[in-house]
Structure formats: C-alpha cells, structure tokens
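Source file structure_9.txt; content: compact mmCIF, C-alpha atoms.
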# COMPACT_ATOMS: atom_id res chain seq x y z
CA MET A 213 0.00 0.00 0.00
CA TYR A 214 2.86 2.41 0.76
CA ASP A 215 6.17 3.30 -0.78
CA TYR A 216 7.71 4.01 2.64
CA LEU A 217 6.90 3.01 6.18
CA ILE A 218 8.65 5.42 8.55
CA VAL A 219 9.09 4.13 12.08
CA GLY A 220 9.32 7.20 14.31
CA ALA A 221 7.63 10.60 13.97
CA GLY A 222 10.62 12.58 15.19
CA LEU A 223 12.49 15.21 13.20
CA PHE A 224 14.48 12.78 11.05
CA GLY A 225 11.51 10.69 9.97
CA SER A 226 9.29 13.73 9.47
CA VAL A 227 11.76 15.56 7.21
CA PHE A 228 12.13 12.46 5.07
CA ALA A 229 8.35 11.90 5.02
CA HIS A 230 7.83 15.50 3.88
CA GLU A 231 10.30 15.15 1.02
CA ALA A 232 8.97 11.73 0.00
CA LYS A 233 5.41 13.06 -0.19
CA LYS A 234 6.57 16.03 -2.28
CA HIS A 235 8.07 13.54 -4.71
CA GLY A 236 4.83 11.63 -5.11
CA LYS A 237 5.54 8.80 -2.69
CA LYS A 238 2.85 7.31 -0.47
CA VAL A 239 4.08 7.31 3.11
CA LEU A 240 2.90 5.92 6.45
CA VAL A 241 4.52 7.26 9.64
CA ILE A 242 4.06 5.37 12.91
CA ASP A 243 5.19 6.21 16.43
CA LYS A 244 4.77 4.33 19.69
CA ARG A 245 4.26 7.57 21.61
CA ASP A 246 0.92 9.37 21.71
CA HIS A 247 2.31 12.44 19.95
CA ILE A 248 4.46 13.42 17.00
CA ALA A 249 7.78 15.35 17.09
CA GLY A 250 9.79 12.91 19.20
CA ASN A 251 12.06 14.57 21.73
CA ILE A 252 11.53 18.08 20.32
CA TYR A 253 7.84 17.91 21.25
CA THR A 254 6.53 21.08 22.90
CA GLU A 255 3.12 21.68 24.40
CA ASN A 256 1.45 24.85 25.63
CA VAL A 257 0.72 24.87 29.37
CA ALA A 258 -0.67 28.01 31.05
CA GLY A 259 0.43 30.10 28.07
CA ILE A 260 4.00 28.75 28.14
CA ASN A 261 5.53 26.47 25.51
CA VAL A 262 7.05 23.61 27.49
CA HIS A 263 9.96 21.57 26.08
CA LYS A 264 8.74 18.18 27.33
CA TYR A 265 12.02 16.33 26.77
CA GLY A 266 14.59 18.94 27.70
CA ALA A 267 15.86 22.19 26.24
CA HIS A 268 16.22 22.37 22.46
CA ILE A 269 17.91 25.33 20.77
CA PHE A 270 18.24 25.27 17.00
CA HIS A 271 21.67 26.42 15.84
CA THR A 272 23.65 25.89 12.66
CA ASP A 273 26.23 27.34 10.30
CA ASN A 274 24.54 25.56 7.40
CA LYS A 275 22.47 28.13 5.51
CA GLU A 276 20.66 25.45 3.55
CA VAL A 277 19.48 23.79 6.77
CA TRP A 278 18.54 27.15 8.30
CA ASP A 279 16.54 28.20 5.24
CA TYR A 280 14.85 24.80 5.14
CA ILE A 281 13.65 24.83 8.75
CA GLN A 282 12.49 28.45 8.46
CA GLN A 283 9.81 27.32 6.01
CA PHE A 284 7.87 25.77 8.87
CA ALA A 285 8.06 28.37 11.66
CA GLU A 286 9.20 31.87 12.49
CA PHE A 287 12.22 31.80 14.78
CA ASN A 288 13.08 34.30 17.51
CA ARG A 289 16.54 35.66 18.34
CA TYR A 290 17.12 33.42 21.38
CA THR A 291 20.80 33.08 22.30
CA ASN A 292 21.83 30.14 24.47
CA ALA A 293 23.65 31.50 27.52
CA PRO A 294 23.26 29.01 30.39
CA LEU A 295 24.48 29.56 33.94
CA ALA A 296 26.27 27.11 36.21
CA LYS A 297 25.49 26.98 39.94
CA TYR A 298 28.00 25.47 42.34
CA LYS A 299 26.84 25.73 45.97
CA ASP A 300 26.15 29.48 46.36
CA GLU A 301 28.32 30.51 43.40
CA LEU A 302 27.09 31.39 39.90
CA TYR A 303 29.22 31.17 36.74
CA ASN A 304 28.64 32.03 33.11
CA LEU A 305 28.76 29.34 30.44
CA PRO A 306 30.33 28.44 28.11
CA PHE A 307 33.78 28.85 29.67
CA ASN A 308 34.86 32.36 28.72
CA MET A 309 36.44 35.45 30.26
CA ASN A 310 33.36 36.03 32.42
CA THR A 311 33.82 32.53 33.88
CA PHE A 312 37.54 33.04 34.42
CA HIS A 313 36.94 36.39 36.13
CA GLN A 314 34.26 34.89 38.38
CA MET A 315 36.56 31.98 39.27
CA TRP A 316 39.93 33.73 39.69
CA GLY A 317 39.38 37.49 39.46
CA VAL A 318 41.48 37.73 36.28
CA THR A 319 40.53 40.40 33.75
CA THR A 320 42.70 39.73 30.67
CA PRO A 321 43.06 36.70 28.37
CA GLU A 322 46.78 36.55 29.18
CA GLU A 323 46.06 36.27 32.91
CA ALA A 324 43.46 33.56 32.31
CA LYS A 325 45.78 31.52 30.07
CA LYS A 326 48.61 31.74 32.60
CA LYS A 327 46.30 30.53 35.38
CA ILE A 328 45.13 27.57 33.30
CA GLU A 329 48.68 26.69 32.23
CA GLN A 330 49.87 26.82 35.84
CA GLN A 331 47.17 24.36 36.89
CA VAL A 332 47.86 22.04 33.93
CA GLN A 333 51.55 21.93 34.84
CA GLU A 334 50.75 21.26 38.49
CA ALA A 335 48.53 18.35 37.39
CA GLY A 336 51.39 16.96 35.25
CA ILE A 337 49.16 16.31 32.22
CA LYS A 338 50.97 15.97 28.90
CA GLU A 339 48.68 13.76 26.80
CA PRO A 340 45.11 13.59 28.19
CA ALA A 341 43.99 9.97 28.53
CA ASN A 342 40.45 10.51 29.80
CA LEU A 343 37.79 13.17 30.27
CA GLU A 344 39.19 14.38 33.59
CA GLU A 345 42.65 15.01 32.15
CA GLN A 346 41.22 16.52 28.97
CA ALA A 347 39.06 18.95 30.96
CA ILE A 348 41.91 20.05 33.23
CA SER A 349 44.15 20.60 30.20
CA MET A 350 41.45 22.84 28.66
CA VAL A 351 40.32 24.96 31.63
CA GLY A 352 42.41 24.09 34.69
CA LYS A 353 41.72 22.17 37.88
CA ASP A 354 39.49 24.73 39.65
CA ILE A 355 36.92 24.91 36.86
CA TYR A 356 37.09 21.15 36.38
CA GLU A 357 36.38 20.45 40.05
CA LYS A 358 33.58 23.01 40.44
CA LEU A 359 31.84 23.02 37.08
CA ILE A 360 32.66 19.78 35.25
CA ASN A 361 33.42 16.89 37.59
CA GLY A 362 30.10 16.58 39.43
CA TYR A 363 27.90 17.58 36.50
CA THR A 364 29.53 15.15 34.07
CA GLY A 365 29.62 12.34 36.61
CA LYS A 366 25.86 12.73 37.10
CA GLN A 367 25.20 12.97 33.37
CA TRP A 368 27.06 9.80 32.42
CA GLY A 369 26.75 7.80 35.64
CA ARG A 370 30.46 7.18 36.05
CA PRO A 371 33.58 9.08 37.18
CA CYS A 372 35.17 11.44 34.67
CA ARG A 373 38.43 9.48 34.73
CA GLU A 374 36.48 6.52 33.29
CA LEU A 375 34.99 8.54 30.42
CA PRO A 376 36.62 9.11 27.01
CA SER A 377 38.23 12.49 26.46
CA PHE A 378 36.32 13.28 23.25
CA ILE A 379 33.09 13.97 25.19
CA ILE A 380 34.48 17.22 26.60
CA ARG A 381 36.27 18.41 23.45
CA ARG A 382 33.08 19.78 21.91
CA LEU A 383 32.66 22.14 24.89
CA PRO A 384 33.42 25.74 23.86
CA VAL A 385 36.31 27.55 25.58
CA ARG A 386 36.99 31.13 24.55
CA PHE A 387 39.08 34.01 25.83
CA THR A 388 36.53 36.73 25.16
CA TYR A 389 33.67 38.09 27.26
CA ASP A 390 31.05 36.20 25.26
CA ASN A 391 28.32 34.08 26.90
CA ASN A 392 26.85 32.84 23.60
CA TYR A 393 27.18 29.07 23.93
CA PHE A 394 27.21 28.38 20.20
CA ASN A 395 29.54 29.81 17.58
CA ASP A 396 27.04 29.10 14.81
CA LYS A 397 25.87 31.92 12.57
CA TYR A 398 22.17 31.03 12.89
CA GLN A 399 20.42 30.42 16.20
CA GLY A 400 16.92 30.66 17.64
CA ILE A 401 13.80 28.92 18.86
CA PRO A 402 10.53 28.70 16.89
CA ILE A 403 7.93 31.12 18.20
CA GLY A 404 5.14 28.85 19.39
CA GLY A 405 7.34 25.79 19.92
CA TYR A 406 8.73 22.91 17.86
CA THR A 407 5.63 20.74 17.49
CA GLN A 408 4.22 23.05 14.80
CA ILE A 409 7.26 22.34 12.62
CA VAL A 410 6.63 18.61 12.62
CA GLU A 411 2.90 19.15 12.12
CA LYS A 412 3.68 21.08 8.92
CA LEU A 413 6.26 18.54 7.79
CA LEU A 414 3.66 15.80 8.13
CA GLU A 415 0.75 17.64 6.49
CA GLY A 416 -0.95 15.24 4.08
CA VAL A 417 1.04 12.26 5.40
CA GLU A 418 -0.76 9.39 7.12
CA VAL A 419 0.32 9.13 10.76
CA GLN A 420 -0.54 6.45 13.31
CA LEU A 421 0.28 7.11 16.99
CA ASN A 422 0.43 4.61 19.85
CA ALA A 423 1.69 2.22 17.18
CA ASP A 424 4.55 -0.08 18.14
CA PHE A 425 6.37 -1.53 15.13
CA PHE A 426 7.40 -4.64 17.07
CA ALA A 427 3.89 -5.32 18.38
CA ASP A 428 2.62 -5.94 14.83
CA GLU A 429 5.84 -6.43 12.91
CA CYS A 430 4.59 -8.78 10.20
CA ARG A 431 1.78 -6.44 9.15
CA TYR A 432 4.00 -3.37 9.14
CA ARG A 433 6.75 -5.10 7.17
CA GLY A 434 4.23 -6.14 4.55
CA CYS A 435 2.62 -2.75 4.05
CA ALA A 436 5.46 -0.87 2.32
CA GLU A 437 8.16 -1.27 -0.30
CA LYS A 438 10.78 0.19 2.04
CA ILE A 439 11.14 0.91 5.75
CA LEU A 440 12.92 3.87 7.33
CA PHE A 441 13.65 2.76 10.89
CA THR A 442 14.62 5.48 13.40
CA GLY A 443 14.40 3.38 16.56
CA MET A 444 17.19 1.52 18.35
CA ILE A 445 19.25 -0.48 15.88
CA ASP A 446 20.06 -3.19 18.45
CA GLU A 447 16.36 -3.62 19.25
CA TYR A 448 15.58 -4.02 15.54
CA PHE A 449 17.93 -7.02 15.42
CA ASN A 450 16.53 -8.37 18.69
CA TYR A 451 19.79 -7.60 20.53
CA ARG A 452 21.56 -10.35 18.60
CA TYR A 453 25.04 -9.25 19.65
CA GLY A 454 24.05 -7.74 23.00
CA THR A 455 22.58 -4.45 24.17
CA LEU A 456 24.05 -1.08 23.27
CA GLU A 457 24.29 1.33 26.18
CA TYR A 458 22.34 4.55 26.44
CA ARG A 459 21.75 7.20 29.07
CA SER A 460 18.19 8.06 29.99
CA LEU A 461 16.56 11.13 31.54
CA ARG A 462 13.71 11.82 33.92
CA PHE A 463 11.91 15.15 34.04
CA GLU A 464 10.04 16.72 36.95
CA SER A 465 8.01 19.82 36.08
CA GLU A 466 6.22 22.30 38.33
CA LEU A 467 3.80 25.13 37.62
CA LEU A 468 4.76 27.93 40.01
CA ASP A 469 2.69 30.88 41.09
CA CYS A 470 5.37 33.46 40.29
CA GLU A 471 6.35 35.35 37.17
CA ASN A 472 10.07 34.64 37.12
CA TYR A 473 11.79 31.91 39.15
CA GLN A 474 15.46 31.77 38.13
CA GLY A 475 15.90 34.59 35.59
CA ASN A 476 17.41 32.36 32.90
CA ALA A 477 16.21 29.57 30.63
CA VAL A 478 18.85 27.05 31.75
CA VAL A 479 20.82 26.78 34.99
CA ASN A 480 23.21 23.83 35.41
CA TYR A 481 23.65 22.39 38.91
CA THR A 482 27.21 21.12 39.02
CA GLU A 483 27.45 19.66 42.54
CA TYR A 484 27.35 15.88 42.48
CA GLU A 485 25.21 15.86 45.63
CA ILE A 486 22.32 17.59 43.83
CA PRO A 487 20.74 14.77 41.79
CA TYR A 488 19.50 16.83 38.83
CA THR A 489 21.88 18.30 36.28
CA ARG A 490 19.92 21.37 35.28
CA MET A 491 16.76 23.34 35.78
CA ILE A 492 14.87 24.78 32.82
CA GLU A 493 12.50 27.74 33.06
CA HIS A 494 10.65 27.40 29.78
CA LYS A 495 9.16 30.89 29.39
CA HIS A 496 12.63 32.43 28.96
CA PHE A 497 13.08 30.60 25.65
CA GLU A 498 10.46 32.91 24.17
CA PHE A 499 10.98 36.00 26.38
CA ALA A 500 7.56 35.49 27.96
CA CYS A 501 8.30 37.39 31.18
CA GLN A 502 9.79 40.50 29.63
CA GLY A 503 6.52 42.46 29.95
CA GLY A 504 5.44 45.15 27.51
CA LYS A 505 2.48 45.08 25.14
CA GLU A 506 2.84 41.38 24.46
CA GLY A 507 2.31 40.91 28.17
CA SER A 508 4.04 38.84 30.79
CA VAL A 509 2.77 35.45 31.91
CA PRO A 510 2.08 35.63 35.68
CA LYS A 511 3.00 31.98 36.25
CA THR A 512 6.09 30.03 35.32
CA ILE A 513 7.00 26.38 34.66
CA ILE A 514 10.30 24.87 35.73
CA THR A 515 11.64 21.42 34.89
CA LYS A 516 14.38 19.56 36.73
CA GLU A 517 16.34 17.12 34.57
CA TYR A 518 17.62 13.94 36.20
CA PRO A 519 20.04 11.67 34.30
CA GLU A 520 19.40 7.99 34.85
CA THR A 521 20.84 4.61 34.00
CA TRP A 522 19.06 3.18 30.98
CA SER A 523 17.56 -0.28 30.92
CA LYS A 524 15.26 -1.96 28.41
CA GLY A 525 11.90 -0.25 28.34
CA ASP A 526 13.30 3.15 29.32
CA GLU A 527 13.54 6.01 26.87
CA PRO A 528 17.06 6.14 25.37
CA TYR A 529 18.36 9.71 25.06
CA TYR A 530 22.14 9.57 24.66
CA PRO A 531 24.20 6.83 23.00
CA VAL A 532 27.25 5.95 25.08
CA ASN A 533 29.82 6.22 22.31
CA ASP A 534 32.78 4.70 24.09
CA GLU A 535 35.13 2.18 22.51
CA LYS A 536 33.17 -0.86 23.67
CA ASN A 537 29.79 0.38 22.43
CA ASN A 538 31.15 1.70 19.14
CA ALA A 539 32.64 -1.72 18.44
CA LEU A 540 29.27 -3.34 19.19
CA TYR A 541 27.48 -0.82 16.98
CA ALA A 542 29.86 -1.66 14.12
CA LYS A 543 28.56 -5.24 14.24
CA TYR A 544 24.96 -4.04 14.07
CA LYS A 545 25.86 -1.62 11.28
CA ALA A 546 27.23 -4.54 9.26
CA LEU A 547 23.87 -6.31 9.71
CA ALA A 548 22.00 -3.14 8.76
CA ASP A 549 23.98 -2.80 5.54
CA GLN A 550 22.77 -6.27 4.51
CA GLU A 551 19.12 -5.69 5.50
CA GLU A 552 17.26 -5.43 2.23
CA GLY A 553 14.58 -2.77 1.98
CA VAL A 554 15.35 -1.17 5.36
CA ILE A 555 17.12 2.14 5.98
CA PHE A 556 18.39 3.08 9.44
CA GLY A 557 18.43 6.74 10.38
CA GLY A 558 18.48 9.22 13.23
CA ARG A 559 20.15 9.22 16.62
CA LEU A 560 19.05 5.72 17.62
CA GLY A 561 19.19 4.09 14.20
CA MET A 562 22.73 5.36 13.65
CA TYR A 563 23.80 5.21 17.34
CA LYS A 564 25.19 8.72 17.27
CA TYR A 565 24.37 11.94 19.09
CA PHE A 566 22.98 14.49 16.63
CA ASP A 567 21.99 18.09 17.18
CA MET A 568 18.80 19.12 15.37
CA HIS A 569 20.61 20.75 12.47
CA HIS A 570 22.60 17.55 11.91
CA ILE A 571 19.34 15.58 11.87
CA VAL A 572 17.84 17.86 9.20
CA ALA A 573 20.99 17.65 7.08
CA GLU A 574 21.17 13.84 7.39
CA ALA A 575 17.50 13.43 6.50
CA LEU A 576 17.81 15.70 3.46
CA ASN A 577 20.89 13.80 2.29
CA LEU A 578 18.97 10.55 2.61
CA ALA A 579 16.05 12.03 0.68
CA ARG A 580 18.39 13.08 -2.12
CA SER A 581 19.91 9.65 -2.45
CA GLU A 582 16.58 7.81 -2.13
CA LEU A 583 14.38 10.13 -4.15
CA CYS A 584 16.96 11.33 -6.68
CA MET A 585 16.46 14.90 -5.46
CA ASN A 586 18.49 17.69 -7.01
CA ALA A 587 20.86 19.40 -4.59
CA ASN A 588 18.91 22.62 -5.06
CA ASP A 589 15.50 21.08 -4.27
CA LYS A 590 13.80 22.47 -1.21
So that I can check it, write out the structure of this file as structure tokens.
Amino acid sequence: MYDYLIVGAGLFGSVFAHEAKKHGKKVLVIDKRDHIAGNIYTENVAGINVHKYGAHIFHTDNKEVWDYIQQFAEFNRYTNAPLAKYKDELYNLPFNMNTFHQMWGVTTPEEAKKKIEQQVQEAGIKEPANLEEQAISMVGKDIYEKLINGYTGKQWGRPCRELPSFIIRRLPVRFTYDNNYFNDKYQGIPIGGYTQIVEKLLEGVEVQLNADFFADECRYRGCAEKILFTGMIDEYFNYRYGTLEYRSLRFESELLDCENYQGNAVVNYTEYEIPYTRMIEHKHFEFACQGGKEGSVPKTIITKEYPETWSKGDEPYYPVNDEKNNALYAKYKALADQEEGVIFGGRLGMYKYFDMHHIVAEALNLARSELCMNANDK
C-alpha cells in the first residue's frame, strides 16, 4: 500500500516523510508515543511552551538547513547563555572570560591563560587519557572540580576518569567576554514551539500514533516497499550481539505561582550531591516574562532534569559512544547494511548523538539519495 513506512515521527523521519510526499511517494509514519515530534515535542501549558524532553535550541552554520527549517516556523533571536550553579556561586557558560573572572578574578586573556597553564603543569598532564585530564588541560583544575566533575559524573553515571576524552572536546572555551554558547551563525527557537514544525512537515502524510512496530511487525513489514527505521538499531535485530548502552533522563516539572523563578532559561547544577543536572525555566526561551504590550505570563514552569541509567523499556536519550559500544554498533551496522529494503536513520538508528541541524541535514541527504532529489531542491 505504501512506498515508505517510517518508524518514528521525530524530526528525522518527518523531514524524510515530507520530502517523499513532495516527490509523489505514499508514506505511512508510525510512532509508539501518543504524539508526534519525538524529543523536540513542545506543548502549551498556562500560556507557556514547554519543552517536554529537555531544552532544544536550534543552531547551525549551514544556511541550507537554516533556510529549510524556516519554512515551517518563524524563529526568535534566542541566544543560548546558560548559567552554572556550584553551591552558592554562579558562573557564566560556556567557559569564557566572564567565567575566568568569576573563578579567579582575572581580567585579561593573558592572565586567564597563565592561570590555566599553571594548573595544567601542576597536574602533570601531557597527553590527556580521559575526560578528567582533557578537561583540566582545557580549563584548569578549579573549573574542572567546580563546574565539570560533578555535572559530568551525574550525566554519564560514572567518574570522569572513566569517560573518554572526546566527550568534553566539543565544549566551547573562549578568551573573550562572550556568553553565547554556540559559535554558529544562525540560532533561535521557533515562536510557538517545535511541534508546529513537525505538524507542517507531516501535512498530508498518514500518521498512526500509539503504534509499536514490534507489536505488529509482520503487518508493518508487509505494508510498504521500504522501511525507514529510526528506533534503536540493536532492538531491531533483537539484541543479537548484545545491548548497546544509552543514558536516559527523567523530568520533573512544576507550575509555580510566580512570574520569574530563576531569571534564565537554563541553569546547570554542578554539585554531584544535587541529583538533577539542570533546571529549565521554559518561558525564557520565548521571552515570555519581559513584559510590555505582548504581556508577561504571571505563572512560570520549571523542569528539573535527572540523568538515569538506561535499561530496556526506558527512553534512550544519549548513546554511550565509548570504545566498547562503538565496536558493538559496528557489528549491528554490518547487519543493517545487509538488510534489504530497510534504511536506518536518526540518533538511535545510527547510534550517534545528533543536534537538530545535523538531523535535518542527514534526512535531506537521505532524501536526495533515495528520491533522486536535485541538490537545489527544497
């Protein structure tokens, strides 16, 4: 009946579904959740657009991706500038001259670099062998101990010295007074939330929710020429070689009877003793407590984000891309390459952490190869 069955109504599957429909293909999208949009799902509560599965900020240097996503929503000028809270101390993120001044009282880049170099030499690190050593070599021991060690240990469920160094390398460090977390040229959040984007991507596409591919696998396999599978690749192959590791998250949200609780969209809690890693105040993503003619919302919604050990049945959020798991994924990838009529895509299907702009780019590349799209097609 269908040209493509797409398993998963997240951003990857929805972009591909949109392009396939435009090219005359008949598509069925299924998702085991009761809503579309996957982890970028937002819903309006008390006049506030709530990011149900954690903070999502769209950012990219890729103009094609930026122009593409702008077709489906108007974006605001939101700039990601989180804060870090350690005990009663507040620090700016990402690590920049504001952070270094708050930590050490230094005021020039030269002073900050000397302080970091002094601490690296005292630690005796020449070639970083793990995340702890990599972090100290980047920002010194003080910042590592206050702002990285506890937070990262909570996030990944293991000590930093047991984590690979590459995890921390993507963290920005700059010697300017600039709190903009991302260096990308384009950045913002859709006014009205992310769900509207996926709704528009899926216009005219048949969607079935509360639909588990594995609960009725024979019927779903027989209903389409090809399958795009965006779920867990190890689950697809019934964990033949063992289970890939993931990290999961738990969210606790509260509606508070105040206009402004923490004054910032994201505050990281870096002490290990505090079980959540960050607190989100959703209204700040869309400047909803700034007042003026648009009006302020008299209530606010905060969400505490707790990292958790993943086990089967839990929602997988982050692939654990260490050496052991990457080697296991390579075995599943070899199986996937031989699986006729099935394409694996997205964060879980490719066992790789993707930001949203990467997801859009990957889905468009797949559409081009599958649908013989021209590089200039939009």
Item to complete: Identify, on the basis of all atoms listed in the file, every residue whose closest approach to A:Glu231 does not exceed 12 Å; exclude the query and any residue fewer than 6 positions from it along the same chain; express the result as a list in words.
Response: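 So the residues in contact are Tyr216, Phe224, Gly225, Lys237, Lys238, Val239, Tyr280, Lys412, Leu413, Leu414, Glu415, Gly416, Val417, Val572, Ala575, Leu576, Asn577, Leu578, Ala579, Arg580, Ser581, Glu582, Leu583, Cys584, Met585, Asn586, Asp589 and Lys590 of chain A.
One distance worth recording is that between atom CA of A:Tyr290 and atom CA of A:Pro321, which is 27.1 Å.
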Item to complete: Considering all atoms listed in the file, return as a list in words whatever protein or nucleic-acid residues lie within 8 Å of stretch 328-343 of chain A, sequence-local ones (same chain, fewer than 3 positions apart) excluded.
Response: Ala324, Lys325, Gln346, Ala347, Ile348, Ser349, Met350, Val351, Gly352, Lys353, Cys372, Arg373, Glu374, Leu375, Pro376, Ser377, Phe378, Ile379 and Ile380 of chain A
Worksheet item: By how many Å are atom CA of A:Asp246 and atom CA of A:Pro402 apart?
Response: 22.1 Å
Give me the residues of stretch 484-568 of chain A that have any atom at most 6 Å from an atom of stretch 460-464 of chain A; for each, the nearest atom pair and the distance in Å, rounded to one decimal. Use all atoms listed in the file, sort by chain and number, and format it as a tab-separated table.
residue	atom	partner	partner_atom	distance
A:Thr515	CA	A:Glu464	CA	5.4
A:Lys516	CA	A:Glu464	CA	5.2
A:Glu517	CA	A:Phe463	CA	4.9
A:Tyr518	CA	A:Arg462	CA	5.0
A:Pro519	CA	A:Leu461	CA	4.5
A:Glu520	CA	A:Ser460	CA	5.0
A:Thr521	CA	A:Ser460	CA	5.9
A:Trp522	CA	A:Ser460	CA	5.1
A:Glu527	CA	A:Ser460	CA	6.0
A:Pro528	CA	A:Ser460	CA	5.1
A:Tyr529	CA	A:Ser460	CA	5.2
